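Taking it in order: structure first as structure tokens, then the write-up.
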There are 2 protein chains.
Amino acid sequence: MLTGTNLTYTKAYNFRIVFETIRLQGPISRADVARRTSLTAQTVSNIVNRLLERNFVQEGKKLQKKRGAPSTTLEVNPDGAFSVGLDFNRDHLTGILVDLAGNVKTKIFHEVDTPSPEEAIKLMVSVVRQLTSTPEVGDAYICGVGVGLPGPLDINKNNEVSNTINPKAFPNWNHVPIGKMLKEHIAVPIFIENNASAATIGEKWYGAGKNISNFAYAFFGAGLGGGLVLKGNLYEGQNQNSGEFGYFPFMGEKSPISDSDHPHVGEHFNLTKLYQWLRESDIIVKRPEELGNLFLDKNPVFLNWLQLAKQYLASVFIVTQYMIDIEVIILGGRLPHIIFEDIANDLPGIMTSLRNDFKTPAPIFKCGTAGVDAAALGAATLPIFDLFAAQTDVLIKNNSSKEEAPKK
Amino acid sequence: MLTGTNLTYTKAYNFRIVFETIRLQGPISRADVARRTSLTAQTVSNIVNRLLERNFVQEGKKLQKKRGAPSTTLEVNPDGAFSVGLDFNRDHLTGILVDLAGNVKTKIFHEVDTPSPEEAIKLMVSVVRQLTSTPEVGDAYICGVGVGLPGPLDINKNNEVSNTINPKAFPNWNHVPIGKMLKEHIAVPIFIENNASAATIGEKWYGAGKNISNFAYAFFGAGLGGGLVLKGNLYEGQNQNSGEFGYFPFMGEKSPISDSDHPHVGEHFNLTKLYQWLRESDIIVKRPEELGNLFLDKNPVFLNWLQLAKQYLASVFIVTQYMIDIEVIILGGRLPHIIFEDIANDLPGIMTSLRNDFKTPAPIFKCGTAGVDAAALGAATLPIFDLFAAQTDVLIKNNSSKEEAPKK
DNA sequence: AAGATTAGTCAATTTGTTTGATTAAAGCAA
DNA sequence: TTGCTTTAATCAAACAAATTGACTAATCTT
């Protein structure tokens, strides 16, 4: 709907712009913030006072450049607020506590086996309680709890409170109002996303996507998913399912691991199927970390898989580039970092050999910085993002998340 | 860069929101505009007065619903402003004059044969003069001149005035500062875009994309191009080359028309190559309109081409949907309307047979409403779009196009 | 005919940014 | 050392656009 705007929204947006400038450019002086944002020194001064009052930023030491009065630098106060992220899947629940600077302060890991909704909620609530009741947090501000679930999600938006969710990965979960169930036990705001989108936001806010306004993120979880950041904002699409790279059909021959009626690239990256396929060659793998050893040992069966993986990814990203013309592609998720590095290293060459002579530069490949906990860190970023990100839609009326965090 | 905002931008944005609401929903009363936009009646009243003063909208007849005072309706005043669009290619220059409601008032067509930049500019200037000096225009406001060129463009953004352009289709054009050259002879603002992007904006503003906030547009010109509208805004990508569907590789077997080292879907839709291929079967075609006759005659060679075309498009749009999860796909350009209708009719079925069982709905196919002059109409829309579209970036500082049109 | 409802405008208020003036701190040059 | 210049930062007043509240007018309801 086309809605207008007014002063209140202007205020909220400038608040976020100033915070984000300090976050990304800090330590930085008020005067520099004003220059960068094109706001006046007075406006910046007022907003910074509000940020200081709330403990979201802190003053650093004085700094002087050439002449004139030295400037007091500003930077994010890591302990100014905390957020909880949950990465939930059939086999595990990871819970982490992060501070405002994105540092992981505490981490809790539980192995599970396709629990029922009730069991899952109970465990989640207990993890959240544990994470937030440490003396380190004290009475600091808690932005909220973010939950990442395996996508694609079928989100039924009946009303804001009781969205129901159908995660494809949980056959026994059917239209579970997970948000509502959590709200009954947890007082802070709750955010639910598919894990790939959450990880995308995590990389955008704290990771390899900082300062990058257009990128695609490929998320290697139980399968292959992803997310898109376009013009600095997460683009989720009509049904919150953009960036489903795993559903792309194979361009050439299909993967030897593929066994479905509609062969698609995601099958090659499906961890369960990969473990099965490796077992046929008497290679026993149970966790993604162990794939790193196969790589270091130059195991020929695994290297064969990896070679094919690169081919499939190259074809996926060629199409991605022609469609959305992005600058950077970030790789992240549960695979070991050395494997991502190897892929990021080889893909540009493979893609060049497949590309048409096109005048735009090839995309740059980067590895995600969040490591194997990308989904949990991403989930924890959701509440922070909602409160602080300078998304342009903050400026427009009928937007729920325009309020500032409370003073205490 | 992260820049702040202030009241001035708020004003500009609300002005656009009110105009667009009247344009899309009119005839509509002030009170209804206020309800739709979440602005107060007073704010709407003020903005409408400014719109009336500038003749961009006009009052219609009184209308009463149930009780209360009858409301005066508002609607766009077609003669309130005019805009010129040029569609330039190796073989033709089409110039059109459109009014504020998107009606084509005058059309000029010239056949050309890969002219030099100087010859082209001369012809363009003369066409613009002819179009704007009719009595119908009188002293009405001219928004500007839009120029659509065959993409992909290699735009060199040295500074705002002297962007140079390398259209791939013009081998003898090398870094031509076409904007600067036109500005020397034309007083109104000038906008240059690749023809597919221009046509996309045209469909978004006046055509099948009205009211649709996420869609992909496939543009059949000399080859196959396209554009994306995401969250209501044109998304052009890092290098202004998003939506280059023609560069996608073939998913299965390549087209019989393809003859390049890197086979890509665009080759199948390259009109020159298609004409050549048809000639091999003794079918002589020189203009796209004639393809319509082949279709109506059920010419087997052409139907074979069409069948393959649908297969290739289906694979392209499946990937499109998984990547950007859009609602609608619009087909437009130089092919005859009946062919677009046939494609739009058959594609959903072909795609369903190829799709994974995915829970999101399949995209809806629509035919563009601009007809064969989509590129020229799109080009004409560029200045209007710049002046009136409620793109969110209007709200942010350091944005050149925030001024309101002059009163006279 | 009185009351209710709705459209629309005028005048005063609100609110966040901007402008202008002022203070303070530090380097530069004679 | 002293005066000049530059820069940072804040205070107070001005400004600008949306909002609020009061009011008029038109029409339907009962």
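For the structure tokens, the naming scheme is as follows: chains receive sequential letters (A, B, ...) according to their order of presentation, residues are indexed from 1 within each chain, and ligands are indexed from 1 in presentation order.
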
At most 7 Å to chain D: residues in chain A, only C-alpha atoms (C1' of nucleotides), as a list in words = Asn6, Ala31, Arg67, Gly68, Ala69, Pro70 and Ser71 of chain A

Could you write those residues out with N, CA and C atoms, as a compact mmCIF listing (two decimals), in the first residue's frame?
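Written out: selection.txt:
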```
# COMPACT_ATOMS: atom_id res chain seq x y z
N ASN A 6 6.08 11.07 7.83
CA ASN A 6 6.10 12.33 8.57
C ASN A 6 7.32 12.44 9.46
N ALA A 31 31.40 15.13 14.40
CA ALA A 31 31.53 15.96 13.20
C ALA A 31 31.65 15.11 11.94
N ARG A 67 44.37 20.79 12.79
CA ARG A 67 44.15 21.91 13.71
C ARG A 67 42.85 21.73 14.45
N GLY A 68 42.50 22.74 15.16
CA GLY A 68 41.18 22.79 15.76
C GLY A 68 41.03 21.92 16.99
N ALA A 69 39.88 22.03 17.59
CA ALA A 69 39.60 21.26 18.81
C ALA A 69 39.65 19.77 18.50
N PRO A 70 40.16 18.98 19.42
CA PRO A 70 40.15 17.53 19.20
C PRO A 70 38.73 17.00 19.33
N SER A 71 38.47 15.92 18.61
CA SER A 71 37.10 15.40 18.63
C SER A 71 37.01 14.18 19.54
```

Sorted per-residue table, chain B near chain C, closest atoms and distance, 12 Å, only C-alpha atoms (C1' of nucleotides), as a Markdown table:
```
| residue | atom | partner | partner_atom | distance |
| --- | --- | --- | --- | --- |
| B:Gly4 | CA | C:DT17 | C1' | 10.9 |
| B:Thr5 | CA | C:DT17 | C1' | 9.2 |
| B:Asn6 | CA | C:DT17 | C1' | 6.5 |
| B:Leu7 | CA | C:DT17 | C1' | 7.4 |
| B:Thr8 | CA | C:DT17 | C1' | 9.8 |
| B:Tyr9 | CA | C:DT17 | C1' | 11.7 |
| B:Thr10 | CA | C:DG16 | C1' | 11.9 |
| B:Ser29 | CA | C:DA7 | C1' | 8.8 |
| B:Arg30 | CA | C:DA7 | C1' | 8.2 |
| B:Ala31 | CA | C:DA7 | C1' | 6.9 |
| B:Asp32 | CA | C:DA7 | C1' | 10.1 |
| B:Ala34 | CA | C:DA7 | C1' | 11.5 |
| B:Thr40 | CA | C:DG8 | C1' | 11.8 |
| B:Ala41 | CA | C:DG8 | C1' | 8.2 |
| B:Gln42 | CA | C:DT9 | C1' | 7.9 |
| B:Thr43 | CA | C:DT9 | C1' | 11.1 |
| B:Val44 | CA | C:DG8 | C1' | 10.5 |
| B:Ser45 | CA | C:DG8 | C1' | 7.9 |
| B:Asn46 | CA | C:DT9 | C1' | 9.7 |
| B:Val48 | CA | C:DG8 | C1' | 11.9 |
| B:Asn49 | CA | C:DT9 | C1' | 11.5 |
| B:Lys62 | CA | C:DA7 | C1' | 10.8 |
| B:Leu63 | CA | C:DA7 | C1' | 10.7 |
| B:Gln64 | CA | C:DT6 | C1' | 9.4 |
| B:Lys65 | CA | C:DT6 | C1' | 9.4 |
| B:Lys66 | CA | C:DT6 | C1' | 8.7 |
| B:Arg67 | CA | C:DT5 | C1' | 5.7 |
| B:Gly68 | CA | C:DT6 | C1' | 3.8 |
| B:Ala69 | CA | C:DT6 | C1' | 5.2 |
| B:Pro70 | CA | C:DA7 | C1' | 6.6 |
| B:Ser71 | CA | C:DA7 | C1' | 5.8 |
| B:Thr72 | CA | C:DA7 | C1' | 8.4 |
| B:Thr73 | CA | C:DA7 | C1' | 11.0 |
```

Name the closest residue to chain A among the candidates B:Leu387, B:Leu271, B:Val319, B:Ala379; distances are taken between atoms, counting only C-alpha atoms.
->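 Looking at the shortest contact to chain A, the residue is B:Val319.
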
Record the distance separating CA of His262 in chain A and CA of Trp277 in chain A, expressed in Å with one decimal.
->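 Straight-line distance from CA of His262 in chain A to CA of Trp277 in chain A works out to 18.7 Å.
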
Give me the residues of chain B that have any atom at most 7 Å from an atom of chain A; for each, the nearest atom pair and the distance in Å, rounded to one decimal. Use only C-alpha atoms, sort by chain and number, and format it as a Markdown table.
```
| residue | atom | partner | partner_atom | distance |
| --- | --- | --- | --- | --- |
| B:Leu2 | CA | A:Thr37 | CA | 5.8 |
| B:Thr3 | CA | A:Thr37 | CA | 4.0 |
| B:Gly4 | CA | A:Asn14 | CA | 5.2 |
| B:Thr5 | CA | A:Thr10 | CA | 6.3 |
| B:Asn6 | CA | A:Thr10 | CA | 6.1 |
| B:Leu7 | CA | A:Leu7 | CA | 6.7 |
| B:Thr10 | CA | A:Asn6 | CA | 6.2 |
| B:Asn14 | CA | A:Gly4 | CA | 5.2 |
| B:Ile17 | CA | A:Gly4 | CA | 6.3 |
| B:Arg36 | CA | A:Thr3 | CA | 6.9 |
| B:Thr37 | CA | A:Thr3 | CA | 4.0 |
| B:Ser38 | CA | A:Thr3 | CA | 5.8 |
| B:Leu39 | CA | A:Gly4 | CA | 5.9 |
| B:Asp154 | CA | A:Lys359 | CA | 6.9 |
| B:Gly237 | CA | A:Asp325 | CA | 4.8 |
| B:Gln238 | CA | A:Ile326 | CA | 5.4 |
| B:Asn239 | CA | A:Thr360 | CA | 6.5 |
| B:Asn241 | CA | A:Asp325 | CA | 6.0 |
| B:Ser242 | CA | A:Ile324 | CA | 4.6 |
| B:Gly243 | CA | A:Met323 | CA | 4.4 |
| B:Glu244 | CA | A:Tyr322 | CA | 5.2 |
| B:Phe245 | CA | A:Met323 | CA | 6.4 |
| B:Tyr247 | CA | A:Tyr322 | CA | 6.5 |
| B:Phe248 | CA | A:Val319 | CA | 5.8 |
| B:Met251 | CA | A:Met251 | CA | 4.3 |
| B:Gly252 | CA | A:Met251 | CA | 6.5 |
| B:His262 | CA | A:Asn356 | CA | 5.9 |
| B:Val319 | CA | A:Phe248 | CA | 5.8 |
| B:Tyr322 | CA | A:Glu244 | CA | 5.3 |
| B:Met323 | CA | A:Gly243 | CA | 4.5 |
| B:Ile324 | CA | A:Ser242 | CA | 4.6 |
| B:Asp325 | CA | A:Gly237 | CA | 4.8 |
| B:Ile326 | CA | A:Gln238 | CA | 5.4 |
| B:Glu327 | CA | A:Gln238 | CA | 6.2 |
| B:Leu354 | CA | A:His262 | CA | 6.9 |
| B:Asn356 | CA | A:His262 | CA | 5.8 |
| B:Lys359 | CA | A:Asp154 | CA | 7.0 |
| B:Thr360 | CA | A:Asn239 | CA | 6.5 |
| B:Thr392 | CA | A:Thr392 | CA | 6.5 |
| B:Lys397 | CA | A:Ser38 | CA | 6.9 |
```

Considering only C-alpha atoms (C1' of nucleotides), return as a ChimeraX atom specification whatever protein or nucleic-acid residues lie within 9 Å of range 74-86 of chain B, sequence-local ones (same chain, fewer than 5 positions apart) excluded.
-> /B:19,22-23,25-30,48,54-61,93-103,124,127-128,131-132,136-137,140-149,375-384

Restrict the selected residues to C-alpha atoms and save them as a PDB file, in the first residue's frame.
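What ended up in out04.pdb:
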```
ATOM      1  CA  PHE B  19      -0.199  11.894  -6.937  1.00  0.00           C
ATOM      2  CA  ILE B  22      -4.846   9.655  -7.473  1.00  0.00           C
ATOM      3  CA  ARG B  23      -3.316   8.241 -10.646  1.00  0.00           C
ATOM      4  CA  GLN B  25      -7.102   4.864  -7.782  1.00  0.00           C
ATOM      5  CA  GLY B  26      -8.742   7.891  -9.365  1.00  0.00           C
ATOM      6  CA  PRO B  27     -11.343   9.191  -9.602  1.00  0.00           C
ATOM      7  CA  ILE B  28     -10.931   9.417  -5.850  1.00  0.00           C
ATOM      8  CA  SER B  29     -11.832  11.963  -3.185  1.00  0.00           C
ATOM      9  CA  ARG B  30      -9.395  13.782  -0.945  1.00  0.00           C
ATOM     10  CA  VAL B  48      -3.829  18.399  -3.707  1.00  0.00           C
ATOM     11  CA  ARG B  54       0.315  22.841 -11.407  1.00  0.00           C
ATOM     12  CA  ASN B  55      -2.499  21.272 -13.466  1.00  0.00           C
ATOM     13  CA  PHE B  56      -1.243  17.755 -12.816  1.00  0.00           C
ATOM     14  CA  VAL B  57      -4.643  16.715 -11.485  1.00  0.00           C
ATOM     15  CA  GLN B  58      -8.131  18.006 -12.053  1.00  0.00           C
ATOM     16  CA  GLU B  59     -11.387  17.890 -10.130  1.00  0.00           C
ATOM     17  CA  GLY B  60     -14.150  15.675 -11.485  1.00  0.00           C
ATOM     18  CA  LYS B  61     -17.808  15.607 -10.583  1.00  0.00           C
ATOM     19  CA  LEU B  93      14.266   5.583 -34.559  1.00  0.00           C
ATOM     20  CA  THR B  94      10.787   5.805 -33.083  1.00  0.00           C
ATOM     21  CA  GLY B  95       9.766   9.004 -31.350  1.00  0.00           C
ATOM     22  CA  ILE B  96       6.544   9.443 -29.427  1.00  0.00           C
ATOM     23  CA  LEU B  97       4.846  12.141 -27.444  1.00  0.00           C
ATOM     24  CA  VAL B  98       2.804  10.962 -24.469  1.00  0.00           C
ATOM     25  CA  ASP B  99       0.602  12.883 -22.087  1.00  0.00           C
ATOM     26  CA  LEU B 100       0.561  12.562 -18.312  1.00  0.00           C
ATOM     27  CA  ALA B 101      -2.003   9.758 -18.523  1.00  0.00           C
ATOM     28  CA  GLY B 102       0.252   7.737 -20.810  1.00  0.00           C
ATOM     29  CA  ASN B 103      -1.709   8.280 -24.008  1.00  0.00           C
ATOM     30  CA  MET B 124      16.857  12.799 -32.563  1.00  0.00           C
ATOM     31  CA  VAL B 127      12.247  14.484 -33.935  1.00  0.00           C
ATOM     32  CA  VAL B 128      12.043  16.001 -30.442  1.00  0.00           C
ATOM     33  CA  LEU B 131       6.979  16.312 -31.361  1.00  0.00           C
ATOM     34  CA  THR B 132       6.998  19.186 -28.888  1.00  0.00           C
ATOM     35  CA  GLU B 136      -1.746  20.439 -28.666  1.00  0.00           C
ATOM     36  CA  VAL B 137       1.232  20.759 -26.353  1.00  0.00           C
ATOM     37  CA  ALA B 140       2.178  22.808 -21.178  1.00  0.00           C
ATOM     38  CA  TYR B 141       4.921  21.448 -19.005  1.00  0.00           C
ATOM     39  CA  ILE B 142       7.401  19.090 -20.720  1.00  0.00           C
ATOM     40  CA  CYS B 143       8.829  16.612 -18.236  1.00  0.00           C
ATOM     41  CA  GLY B 144      11.767  15.699 -20.408  1.00  0.00           C
ATOM     42  CA  VAL B 145      13.109  13.395 -23.081  1.00  0.00           C
ATOM     43  CA  GLY B 146      13.821   9.711 -22.494  1.00  0.00           C
ATOM     44  CA  VAL B 147      16.067   7.715 -24.785  1.00  0.00           C
ATOM     45  CA  GLY B 148      16.048   3.924 -24.972  1.00  0.00           C
ATOM     46  CA  LEU B 149      19.103   2.239 -26.445  1.00  0.00           C
ATOM     47  CA  ALA B 375      10.510   0.683 -25.696  1.00  0.00           C
ATOM     48  CA  ALA B 376       9.476   4.138 -26.899  1.00  0.00           C
ATOM     49  CA  LEU B 377       6.652   4.389 -24.392  1.00  0.00           C
ATOM     50  CA  GLY B 378       9.019   3.219 -21.700  1.00  0.00           C
ATOM     51  CA  ALA B 379      11.559   5.847 -22.693  1.00  0.00           C
ATOM     52  CA  ALA B 380       8.865   8.507 -22.501  1.00  0.00           C
ATOM     53  CA  THR B 381       7.974   7.290 -19.055  1.00  0.00           C
ATOM     54  CA  LEU B 382      11.479   7.872 -17.730  1.00  0.00           C
ATOM     55  CA  PRO B 383      11.107  11.640 -17.168  1.00  0.00           C
ATOM     56  CA  ILE B 384       7.611  11.223 -15.752  1.00  0.00           C
TER      57      ILE B 384
END
```

Shell around Asn345 in chain B at 12 Å using only C-alpha atoms (C1' of nucleotides), local window under 6 positions removed, as JSON, numbers by chain | {"B": [310, 314, 331, 338, 339, 351, 364, 365, 366, 367]}

Identify, with DSSP run on backbone atoms, the residues in range 147-350 of chain A assigned to strand (DSSP E or B), and express the list as an NGL selection string.
-> :A and (147-149 or 155-156 or 164-165 or 176 or 190-194 or 215-220 or 224-230 or 233-235 or 249 or 264 or 328-333)

For the selection you just gave me, I'd like the residues written to a file as a short mmCIF file (atom, residue, chain, number, x, y, z; two decimals), in the first residue's frame, keeping N, CA and C atoms.
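The new file selection_22.cif reads:
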```cif
data_model
loop_
_atom_site.label_atom_id
_atom_site.label_comp_id
_atom_site.auth_asym_id
_atom_site.auth_seq_id
_atom_site.Cartn_x
_atom_site.Cartn_y
_atom_site.Cartn_z
N VAL A 147 14.69 -16.76 15.87
CA VAL A 147 14.67 -18.21 15.67
C VAL A 147 14.85 -18.49 14.18
N GLY A 148 15.85 -19.32 13.87
CA GLY A 148 16.06 -19.74 12.48
C GLY A 148 15.58 -21.17 12.30
N LEU A 149 14.75 -21.38 11.30
CA LEU A 149 14.21 -22.71 11.02
C LEU A 149 14.61 -23.13 9.61
N ILE A 155 4.77 -19.85 5.48
CA ILE A 155 4.28 -19.00 6.56
C ILE A 155 2.87 -18.53 6.25
N ASN A 156 1.99 -18.79 7.18
CA ASN A 156 0.59 -18.46 7.01
C ASN A 156 0.29 -17.21 7.81
N THR A 164 1.32 -19.21 11.49
CA THR A 164 1.62 -20.62 11.65
C THR A 164 2.69 -21.02 10.65
N ILE A 165 3.41 -22.05 10.98
CA ILE A 165 4.57 -22.41 10.18
C ILE A 165 4.58 -23.89 9.84
N VAL A 176 2.16 -24.84 12.88
CA VAL A 176 2.46 -24.59 14.29
C VAL A 176 2.59 -23.09 14.51
N ILE A 190 9.95 -11.51 19.51
CA ILE A 190 10.40 -12.76 18.91
C ILE A 190 10.33 -12.65 17.38
N PHE A 191 11.37 -13.13 16.72
CA PHE A 191 11.45 -13.05 15.27
C PHE A 191 11.72 -14.44 14.71
N ILE A 192 10.96 -14.82 13.69
CA ILE A 192 11.13 -16.14 13.11
C ILE A 192 11.44 -16.00 11.62
N GLU A 193 12.45 -16.73 11.18
CA GLU A 193 12.89 -16.65 9.78
C GLU A 193 13.38 -18.02 9.34
N ASN A 194 13.45 -18.23 8.04
CA ASN A 194 14.14 -19.44 7.62
C ASN A 194 15.63 -19.21 7.83
N PHE A 215 24.40 -8.20 -2.61
CA PHE A 215 25.10 -9.49 -2.66
C PHE A 215 24.12 -10.65 -2.56
N ALA A 216 24.60 -11.80 -3.03
CA ALA A 216 23.84 -13.04 -2.86
C ALA A 216 24.59 -13.87 -1.84
N TYR A 217 23.85 -14.54 -1.00
CA TYR A 217 24.46 -15.39 0.03
C TYR A 217 24.00 -16.82 -0.21
N ALA A 218 24.96 -17.72 -0.33
CA ALA A 218 24.62 -19.14 -0.48
C ALA A 218 24.83 -19.82 0.85
N PHE A 219 23.78 -20.44 1.35
CA PHE A 219 23.83 -21.03 2.69
C PHE A 219 23.81 -22.55 2.59
N PHE A 220 24.88 -23.18 3.05
CA PHE A 220 24.98 -24.63 3.02
C PHE A 220 24.58 -25.16 4.38
N LEU A 224 20.94 -26.79 0.30
CA LEU A 224 21.48 -25.53 -0.21
C LEU A 224 20.36 -24.50 -0.29
N GLY A 225 20.53 -23.42 0.47
CA GLY A 225 19.56 -22.33 0.41
C GLY A 225 20.30 -21.04 0.17
N GLY A 226 19.65 -19.93 0.50
CA GLY A 226 20.35 -18.68 0.31
C GLY A 226 19.48 -17.49 0.57
N GLY A 227 20.03 -16.33 0.35
CA GLY A 227 19.30 -15.09 0.55
C GLY A 227 19.92 -14.00 -0.30
N LEU A 228 19.16 -12.93 -0.52
CA LEU A 228 19.63 -11.83 -1.34
C LEU A 228 19.58 -10.52 -0.57
N VAL A 229 20.61 -9.74 -0.71
CA VAL A 229 20.58 -8.37 -0.21
C VAL A 229 20.69 -7.45 -1.43
N LEU A 230 19.66 -6.66 -1.64
CA LEU A 230 19.62 -5.77 -2.80
C LEU A 230 19.40 -4.34 -2.32
N ASN A 233 19.03 -3.75 1.39
CA ASN A 233 17.94 -4.35 2.14
C ASN A 233 17.80 -5.83 1.80
N LEU A 234 17.41 -6.63 2.76
CA LEU A 234 17.12 -8.02 2.48
C LEU A 234 15.93 -8.09 1.54
N TYR A 235 16.08 -8.83 0.46
CA TYR A 235 14.95 -9.03 -0.44
C TYR A 235 14.44 -10.46 -0.27
N PRO A 249 17.35 -26.38 -11.43
CA PRO A 249 17.64 -27.64 -12.12
C PRO A 249 19.11 -27.68 -12.55
N HIS A 264 17.51 -31.51 -8.97
CA HIS A 264 17.86 -30.11 -8.72
C HIS A 264 19.15 -30.04 -7.93
N VAL A 328 28.94 -9.17 -5.26
CA VAL A 328 29.62 -10.13 -4.39
C VAL A 328 28.72 -11.34 -4.15
N ILE A 329 29.34 -12.51 -4.06
CA ILE A 329 28.63 -13.72 -3.64
C ILE A 329 29.34 -14.25 -2.40
N ILE A 330 28.59 -14.46 -1.34
CA ILE A 330 29.18 -14.92 -0.08
C ILE A 330 28.76 -16.37 0.16
N LEU A 331 29.72 -17.17 0.58
CA LEU A 331 29.46 -18.58 0.86
C LEU A 331 29.52 -18.80 2.36
N GLY A 332 28.52 -19.48 2.90
CA GLY A 332 28.56 -19.71 4.34
C GLY A 332 27.68 -20.87 4.75
N GLY A 333 27.82 -21.27 6.00
CA GLY A 333 27.00 -22.35 6.52
C GLY A 333 27.81 -23.38 7.26
#
```

Extract the full set of alpha helix (DSSP H) residues from range 200-249 of chain A according to DSSP on the backbone, and format it as an MDAnalysis selection string.
-> chainID A and resid 200:206

Point-to-point distance in Å for CA of Tyr206 in chain A and CA of Glu111 in chain A =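 We find that CA of Glu111 in chain A and CA of Tyr206 in chain A lie 26.8 Å from each other.
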
Please measure the separation of CA of Asn195 in chain A and CA of Asp373 in chain A, giving the value in Å to one decimal.
->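 For CA of Asn195 in chain A relative to CA of Asp373 in chain A, the distance reads 10.7 Å.
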
Which of these residues is nearest to Thr352 in chain B, using only C-alpha atoms: B:Tyr275, B:Phe170, B:Phe109, B:Phe317?
->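 Between B:Tyr275, B:Phe170, B:Phe109, B:Phe317, the residue approaching Thr352 in chain B most closely is B:Phe317.
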
Quick one: everything within 10 Å of Leu308 in chain B, counting only C-alpha atoms (C1' of nucleotides), minus sequence neighbours fewer than 3 positions away in the same chain. Send it as an NGL selection string.
-> :B and (254-256 or 268 or 302-305 or 311-314)
